[in-house]
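Structure data (PDB, C-alpha atoms) from model.pdb:
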ATOM      1  CA  MET J1051     -17.560  12.340 -27.562
ATOM      2  CA  PRO J1052     -18.755  12.410 -23.919
ATOM      3  CA  PRO J1053     -16.605  10.650 -21.306
ATOM      4  CA  GLU J1054     -17.529   7.101 -20.423
ATOM      5  CA  THR J1055     -19.786   6.822 -17.379
ATOM      6  CA  LEU J1056     -17.971   5.811 -14.225
ATOM      7  CA  THR J1057     -19.496   2.569 -12.966
ATOM      8  CA  PRO J1058     -18.472   0.156 -10.236
ATOM      9  CA  GLU J1059     -17.539  -2.370 -12.932
ATOM     10  CA  ARG J1060     -15.180   0.097 -14.651
ATOM     11  CA  ILE J1061     -13.608   0.913 -11.302
ATOM     12  CA  LEU J1062     -13.094  -2.781 -10.536
ATOM     13  CA  GLU J1063     -11.524  -3.392 -13.954
ATOM     14  CA  ALA J1064      -9.145  -0.489 -13.417
ATOM     15  CA  THR J1065      -8.381  -1.672  -9.881
ATOM     16  CA  GLU J1066      -7.430  -5.082 -11.200
ATOM     17  CA  GLU J1067      -5.010  -3.500 -13.676
ATOM     18  CA  VAL J1068      -3.528  -1.244 -10.993
ATOM     19  CA  LEU J1069      -3.084  -4.221  -8.673
ATOM     20  CA  ARG J1070      -1.411  -6.170 -11.473
ATOM     21  CA  ARG J1071       0.951  -3.261 -12.141
ATOM     22  CA  TYR J1072       1.818  -2.160  -8.591
ATOM     23  CA  GLY J1073       0.845  -5.058  -6.313
ATOM     24  CA  PRO J1074      -1.376  -4.775  -3.250
ATOM     25  CA  ALA J1075       1.216  -3.044  -1.057
ATOM     26  CA  LYS J1076       1.722  -0.097  -3.406
ATOM     27  CA  ALA J1077      -1.604   0.211  -5.256
ATOM     28  CA  THR J1078      -3.701   3.145  -4.065
ATOM     29  CA  VAL J1079      -7.129   4.555  -4.779
ATOM     30  CA  VAL J1080      -5.352   7.542  -6.335
ATOM     31  CA  ASP J1081      -3.665   5.151  -8.791
ATOM     32  CA  VAL J1082      -7.068   3.683  -9.687
ATOM     33  CA  ALA J1083      -8.552   7.154 -10.164
ATOM     34  CA  ARG J1084      -5.587   8.205 -12.314
ATOM     35  CA  ALA J1085      -6.027   5.102 -14.508
ATOM     36  CA  LEU J1086      -9.693   6.076 -14.993
ATOM     37  CA  GLY J1087      -8.956   9.770 -15.535
ATOM     38  CA  VAL J1088     -11.135  10.827 -12.584
ATOM     39  CA  SER J1089     -10.594  12.186  -9.096
ATOM     40  CA  HIS J1090     -10.126   9.780  -6.222
ATOM     41  CA  GLY J1091     -13.323  11.278  -4.748
ATOM     42  CA  SER J1092     -15.212   9.851  -7.729
ATOM     43  CA  VAL J1093     -13.952   6.388  -6.885
ATOM     44  CA  TYR J1094     -14.910   6.869  -3.224
ATOM     45  CA  ARG J1095     -18.474   7.700  -4.286
ATOM     46  CA  HIS J1096     -18.787   4.088  -5.441
ATOM     47  CA  PHE J1097     -16.557   2.435  -2.827
ATOM     48  CA  ARG J1098     -16.506   4.261   0.507
ATOM     49  CA  THR J1099     -13.085   2.976   1.578
ATOM     50  CA  LYS J1100      -9.966   1.432   0.115
ATOM     51  CA  ALA J1101     -10.824  -1.751   2.030
ATOM     52  CA  ALA J1102     -14.301  -1.836   0.437
ATOM     53  CA  LEU J1103     -12.729  -1.471  -3.017
ATOM     54  CA  ARG J1104     -10.240  -4.249  -2.340
ATOM     55  CA  GLU J1105     -12.993  -6.488  -0.979
ATOM     56  CA  ALA J1106     -15.139  -5.842  -4.058
ATOM     57  CA  VAL J1107     -12.330  -6.648  -6.479
ATOM     58  CA  THR J1108     -11.603  -9.860  -4.554
ATOM     59  CA  ALA J1109     -15.289 -10.830  -4.625
ATOM     60  CA  ARG J1110     -15.406 -10.135  -8.365
ATOM     61  CA  TRP J1111     -12.406 -12.395  -8.927
ATOM     62  CA  LEU J1112     -13.890 -15.247  -6.886
ATOM     63  CA  ASP J1113     -17.366 -14.771  -8.388
ATOM     64  CA  ARG J1114     -16.033 -15.468 -11.866
ATOM     65  CA  THR J1115     -15.318 -19.029 -10.819
ATOM     66  CA  SER J1116     -18.662 -19.421  -9.041
ATOM     67  CA  GLN J1117     -20.544 -18.165 -12.091
ATOM     68  CA  GLU J1118     -18.724 -20.527 -14.455
ATOM     69  CA  LEU J1119     -19.499 -23.466 -12.185
ATOM     70  CA  SER J1120     -23.148 -22.500 -11.692
ATOM     71  CA  VAL J1121     -23.738 -23.139 -15.392
ATOM     72  CA  ILE J1122     -22.838 -26.803 -14.854
ATOM     73  CA  VAL J1123     -25.116 -27.009 -11.810
ATOM     74  CA  THR J1124     -28.156 -25.737 -13.734
ATOM     75  CA  GLU J1125     -27.650 -27.967 -16.778
ATOM     76  CA  GLU J1126     -29.854 -30.955 -17.420
ATOM     77  CA  GLY J1127     -28.395 -34.419 -17.422
ATOM     78  CA  PRO J1128     -27.049 -37.115 -15.172
ATOM     79  CA  ALA J1129     -25.771 -35.713 -11.883
ATOM     80  CA  PRO J1130     -22.612 -37.889 -11.814
ATOM     81  CA  GLU J1131     -21.496 -36.460 -15.156
ATOM     82  CA  ARG J1132     -22.266 -32.902 -14.061
ATOM     83  CA  LEU J1133     -20.440 -33.398 -10.748
ATOM     84  CA  ASP J1134     -17.452 -34.795 -12.625
ATOM     85  CA  ARG J1135     -17.414 -31.725 -14.908
ATOM     86  CA  TRP J1136     -17.930 -29.382 -11.932
ATOM     87  CA  LEU J1137     -14.964 -30.797  -9.994
ATOM     88  CA  THR J1138     -12.792 -30.670 -13.104
ATOM     89  CA  ALA J1139     -13.876 -27.118 -13.933
ATOM     90  CA  LEU J1140     -13.141 -25.957 -10.382
ATOM     91  CA  PHE J1141      -9.650 -27.426 -10.487
ATOM     92  CA  GLU J1142      -8.941 -25.996 -13.936
ATOM     93  CA  ALA J1143     -10.257 -22.547 -13.019
ATOM     94  CA  LYS J1144      -8.112 -22.328  -9.897
ATOM     95  CA  ARG J1145      -5.096 -23.790 -11.674
ATOM     96  CA  HIS J1146      -5.385 -21.302 -14.531
ATOM     97  CA  LYS J1147      -5.730 -18.384 -12.149
ATOM     98  CA  ALA J1148      -2.486 -19.419 -10.468
ATOM     99  CA  GLY J1149      -0.564 -20.309 -13.619
ATOM    100  CA  ASP J1150      -1.754 -17.813 -16.222
ATOM    101  CA  ASP J1151      -1.067 -14.660 -14.230
ATOM    102  CA  PRO J1152       1.105 -15.517 -11.216
ATOM    103  CA  GLU J1153       1.631 -11.876 -10.208
ATOM    104  CA  LEU J1154      -2.088 -11.184 -10.084
ATOM    105  CA  PHE J1155      -2.691 -14.496  -8.316
ATOM    106  CA  ALA J1156      -0.144 -13.507  -5.645
ATOM    107  CA  THR J1157      -1.901 -10.158  -5.318
ATOM    108  CA  TYR J1158      -5.245 -11.851  -4.822
ATOM    109  CA  MET J1159      -3.751 -14.187  -2.244
ATOM    110  CA  THR J1160      -2.839 -11.094  -0.235
ATOM    111  CA  LEU J1161      -6.286  -9.582  -0.725
ATOM    112  CA  ILE J1162      -8.015 -12.831   0.217
ATOM    113  CA  GLY J1163      -6.170 -12.724   3.518
ATOM    114  CA  GLU J1164      -7.774  -9.317   4.145
ATOM    115  CA  ALA J1165     -11.266 -10.282   2.958
ATOM    116  CA  GLY J1166     -12.230 -13.274   5.081
ATOM    117  CA  GLY J1167     -15.962 -12.661   4.693
ATOM    118  CA  VAL J1168     -15.674 -12.675   0.910
ATOM    119  CA  VAL J1169     -13.829 -15.989   1.003
ATOM    120  CA  ASP J1170     -16.379 -17.472   3.405
ATOM    121  CA  ARG J1171     -19.211 -16.459   1.054
ATOM    122  CA  HIS J1172     -17.345 -17.983  -1.888
ATOM    123  CA  ILE J1173     -16.871 -21.288  -0.076
ATOM    124  CA  THR J1174     -20.510 -21.282   1.045
ATOM    125  CA  ASP J1175     -21.579 -20.736  -2.568
ATOM    126  CA  LEU J1176     -19.380 -23.560  -3.852
ATOM    127  CA  GLU J1177     -20.639 -25.931  -1.169
ATOM    128  CA  ALA J1178     -24.235 -24.988  -2.029
ATOM    129  CA  GLN J1179     -23.550 -25.797  -5.687
ATOM    130  CA  LEU J1180     -22.110 -29.152  -4.676
ATOM    131  CA  THR J1181     -25.144 -29.811  -2.464
ATOM    132  CA  THR J1182     -27.461 -29.131  -5.417
ATOM    133  CA  LEU J1183     -25.531 -31.577  -7.609
ATOM    134  CA  ILE J1184     -25.518 -34.266  -4.931
ATOM    135  CA  GLU J1185     -29.243 -33.765  -4.258
ATOM    136  CA  ALA J1186     -29.846 -34.206  -7.986
ATOM    137  CA  GLY J1187     -27.836 -37.417  -7.897
ATOM    138  CA  VAL J1188     -29.879 -38.701  -4.956
ATOM    139  CA  SER J1189     -33.119 -37.820  -6.791
ATOM    140  CA  GLN J1190     -31.890 -39.660  -9.881
ATOM    141  CA  GLY J1191     -30.936 -42.703  -7.786
ATOM    142  CA  ALA J1192     -27.289 -42.332  -8.772
ATOM    143  CA  PHE J1193     -25.936 -41.159  -5.391
ATOM    144  CA  HIS J1194     -26.639 -42.501  -1.942
ATOM    145  CA  THR J1195     -26.268 -40.233   1.072
ATOM    146  CA  PRO J1196     -28.577 -39.349   3.957
ATOM    147  CA  SER J1197     -27.333 -35.742   4.023
ATOM    148  CA  PRO J1198     -26.363 -34.089   0.717
ATOM    149  CA  ALA J1199     -25.150 -30.940   2.521
ATOM    150  CA  THR J1200     -22.826 -32.879   4.810
ATOM    151  CA  THR J1201     -21.596 -34.930   1.865
ATOM    152  CA  ALA J1202     -21.010 -31.758  -0.159
ATOM    153  CA  ARG J1203     -18.777 -30.363   2.594
ATOM    154  CA  ALA J1204     -16.899 -33.676   2.699
ATOM    155  CA  VAL J1205     -16.401 -33.656  -1.091
ATOM    156  CA  PHE J1206     -15.214 -30.044  -0.952
ATOM    157  CA  ASP J1207     -12.747 -30.894   1.800
ATOM    158  CA  ALA J1208     -11.582 -34.106   0.112
ATOM    159  CA  THR J1209     -10.756 -32.234  -3.097
ATOM    160  CA  GLY J1210      -9.210 -29.221  -1.341
ATOM    161  CA  ARG J1211      -5.727 -29.969  -2.632
ATOM    162  CA  PHE J1212      -7.035 -29.152  -6.108
ATOM    163  CA  HIS J1213      -8.797 -25.865  -5.389
ATOM    164  CA  ASP J1214      -7.480 -24.413  -2.134
ATOM    165  CA  PRO J1215      -4.953 -21.712  -3.092
ATOM    166  CA  CYS J1216      -2.556 -22.816  -0.349
ATOM    167  CA  TYR J1217      -1.759 -25.780  -2.636
ATOM    168  CA  ALA J1218      -1.156 -23.643  -5.742
ATOM    169  CA  ALA J1219       2.553 -24.490  -5.865
ATOM    170  CA  GLU J1220       1.615 -28.133  -6.512
ATOM    171  CA  TRP J1221      -0.725 -27.387  -9.414
ATOM    172  CA  SER J1222       2.058 -27.087 -11.992
ATOM    173  CA  ARG J1223       3.606 -30.461 -11.139
ATOM    174  CA  PRO J1224       3.304 -32.984 -14.013
ATOM    175  CA  GLU J1225       1.664 -35.659 -11.854
ATOM    176  CA  ILE J1226      -1.045 -33.364 -10.465
ATOM    177  CA  ALA J1227      -3.524 -34.320 -13.204
ATOM    178  CA  ASP J1228      -3.163 -38.011 -12.311
ATOM    179  CA  ASP J1229      -3.529 -37.212  -8.617
ATOM    180  CA  PHE J1230      -6.671 -35.207  -9.341
ATOM    181  CA  ASP J1231      -8.150 -37.994 -11.476
ATOM    182  CA  ALA J1232      -7.565 -40.526  -8.703
ATOM    183  CA  VAL J1233      -9.336 -38.397  -6.090
ATOM    184  CA  ARG J1234     -12.147 -37.439  -8.461
ATOM    185  CA  HIS J1235     -12.845 -41.068  -9.364
ATOM    186  CA  LEU J1236     -12.715 -42.093  -5.715
ATOM    187  CA  VAL J1237     -15.264 -39.405  -4.780
ATOM    188  CA  LEU J1238     -17.626 -40.363  -7.593
ATOM    189  CA  ARG J1239     -17.406 -44.085  -6.761
ATOM    190  CA  GLY J1240     -18.041 -43.329  -3.101
ATOM    191  CA  LEU J1241     -21.179 -41.340  -3.878
ATOM    192  CA  ARG J1242     -22.560 -44.196  -5.946
ATOM    193  CA  GLY J1243     -22.002 -46.605  -3.010
TER     194      GLY J1243
END
Translate the structure of the given file into structure tokens.
Amino acid sequence: MPPETLTPERILEATEEVLRRYGPAKATVVDVARALGVSHGSVYRHFRTKAALREAVTARWLDRTSQELSVIVTEEGPAPERLDRWLTALFEAKRHKAGDDPELFATYMTLIGEAGGVVDRHITDLEAQLTTLIEAGVSQGAFHTPSPATTARAVFDATGRFHDPCYAAEWSRPEIADDFDAVRHLVLRGLRG
């Protein structure tokens, strides 16, 4: 049986496992290559530097959330309901990332600190999704705002406690769900104003 083709996706999967096992301080490109059964030069053919590989694995991790949320944005239906689901899905996605695999989450927090451009693109994408939902609400007559983009940034900032990783320690508290519901309802009522 011929060996499996080395693809960027396979390299990123292996990198994630290596990061989980060794952490960002000790994980090397050689470790990734060893996990794939290839030379480190083969990995470098796809990712020119260790920093590029780390940035790509961080982008992949953040993109999973963006892709899940984009499904809600493109659905048909009342914008308030879709925005409600979108905010809830964002909170749940971030909360699960922090709670389900705390070691990997801590690793990504380190990588995010190194990959500012990746994080900026992620935030820009999330704000664009919010803008689309708010524009839909304005078109449907459900939301009232003169500037959906400005309002989207405000909604993103107002809900930051529930998706910004710096608040991850709070996400396991029993009352966090009630706190989230209160903010979510306040945002939705404000948009209907």
Any chance you could resolve the PyMOL selection byres ((chain J and resi 1087) around 12) against this file and give the residues as a CSV table (one decimal) with C-alpha atoms, in the frame of the given file?
chain,number,residue,atom,x,y,z
J,1053,PRO,CA,-16.6,10.6,-21.3
J,1054,GLU,CA,-17.5,7.1,-20.4
J,1055,THR,CA,-19.8,6.8,-17.4
J,1056,LEU,CA,-18.0,5.8,-14.2
J,1060,ARG,CA,-15.2,0.1,-14.7
J,1061,ILE,CA,-13.6,0.9,-11.3
J,1064,ALA,CA,-9.1,-0.5,-13.4
J,1080,VAL,CA,-5.4,7.5,-6.3
J,1081,ASP,CA,-3.7,5.2,-8.8
J,1082,VAL,CA,-7.1,3.7,-9.7
J,1083,ALA,CA,-8.6,7.2,-10.2
J,1084,ARG,CA,-5.6,8.2,-12.3
J,1085,ALA,CA,-6.0,5.1,-14.5
J,1086,LEU,CA,-9.7,6.1,-15.0
J,1088,VAL,CA,-11.1,10.8,-12.6
J,1089,SER,CA,-10.6,12.2,-9.1
J,1090,HIS,CA,-10.1,9.8,-6.2
J,1091,GLY,CA,-13.3,11.3,-4.7
J,1092,SER,CA,-15.2,9.9,-7.7
J,1093,VAL,CA,-14.0,6.4,-6.9
- Nearest to Thr1157 in chain J among J:Ala1199, J:Val1107, J:Val1233, J:Leu1133, with distances taken over all atoms listed in the file: which residue is it?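 Comparing J:Ala1199, J:Val1107, J:Val1233, J:Leu1133 against Thr1157 in chain J, the winner is J:Val1107.
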- Task: Quick one: everything within 10 Å of Arg1211 in chain J, counting only C-alpha atoms, minus sequence neighbours fewer than 6 positions away in the same chain. Send it as a PyMOL selection string.
- Result: chain J and resi 1141+1217-1218+1220-1221+1226+1229-1230+1233
Pull C-alpha atoms from the residues just selected and write them as a short mmCIF file (atom, residue, chain, number, x, y, z; two decimals), in the frame of the given file.
data_model
loop_
_atom_site.label_atom_id
_atom_site.label_comp_id
_atom_site.auth_asym_id
_atom_site.auth_seq_id
_atom_site.Cartn_x
_atom_site.Cartn_y
_atom_site.Cartn_z
CA PHE J 1141 -9.65 -27.43 -10.49
CA TYR J 1217 -1.76 -25.78 -2.64
CA ALA J 1218 -1.16 -23.64 -5.74
CA GLU J 1220 1.62 -28.13 -6.51
CA TRP J 1221 -0.72 -27.39 -9.41
CA ILE J 1226 -1.04 -33.36 -10.46
CA ASP J 1229 -3.53 -37.21 -8.62
CA PHE J 1230 -6.67 -35.21 -9.34
CA VAL J 1233 -9.34 -38.40 -6.09
#
- Item | Spatial neighbours of Pro1198 in chain J, max dist 12 Å, all atoms listed in the file, sep filter under 3 positions, as a PyMOL selection string | chain J and resi 1177-1189+1193-1195+1201-1206+1241
- Query: J:Pro1130, J:Gly1191, J:Arg1071, J:Lys1147: which is nearest Trp1111 in chain J, counting only C-alpha atoms?
  - Reply: J:Lys1147
- Query: How far is it from CA of Asp1175 in chain J to CA of Asp1231 in chain J, in Å with one decimal?
  - Reply: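 Atom-to-atom, CA of Asp1175 in chain J to CA of Asp1231 in chain J, that is 23.6 Å.
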- Item | All residues 6 Å or closer to range 1158-1168 of chain J, all atoms listed in the file, same chain fewer than 2 positions away omitted, as a ChimeraX atom specification | /J:1105,1109,1155-1156,1170-1171
- Message: As an exercise, work out the distance from CA of Thr1174 in chain J to CA of Leu1112 in chain J in Å and give it to one decimal place.
- Response: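 Here the two named atoms are 12.0 Å from each other.
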- Hey, which of J:Arg1104, J:Arg1110, J:Arg1223, J:His1096 ends up closest to Ala1075 in chain J? Count all atoms listed in the file. J:Arg1104
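Between CA of Pro1215 in chain J and CA of Ala1148 in chain J the separation is 8.1 Å.
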- For each of J:Leu1236, J:Ala1139, J:Val1121, J:Leu1154, take the minimum atom-to-atom distance to Pro1074 in chain J, counting all atoms listed in the file, then give the residue where this is smallest. J:Leu1154
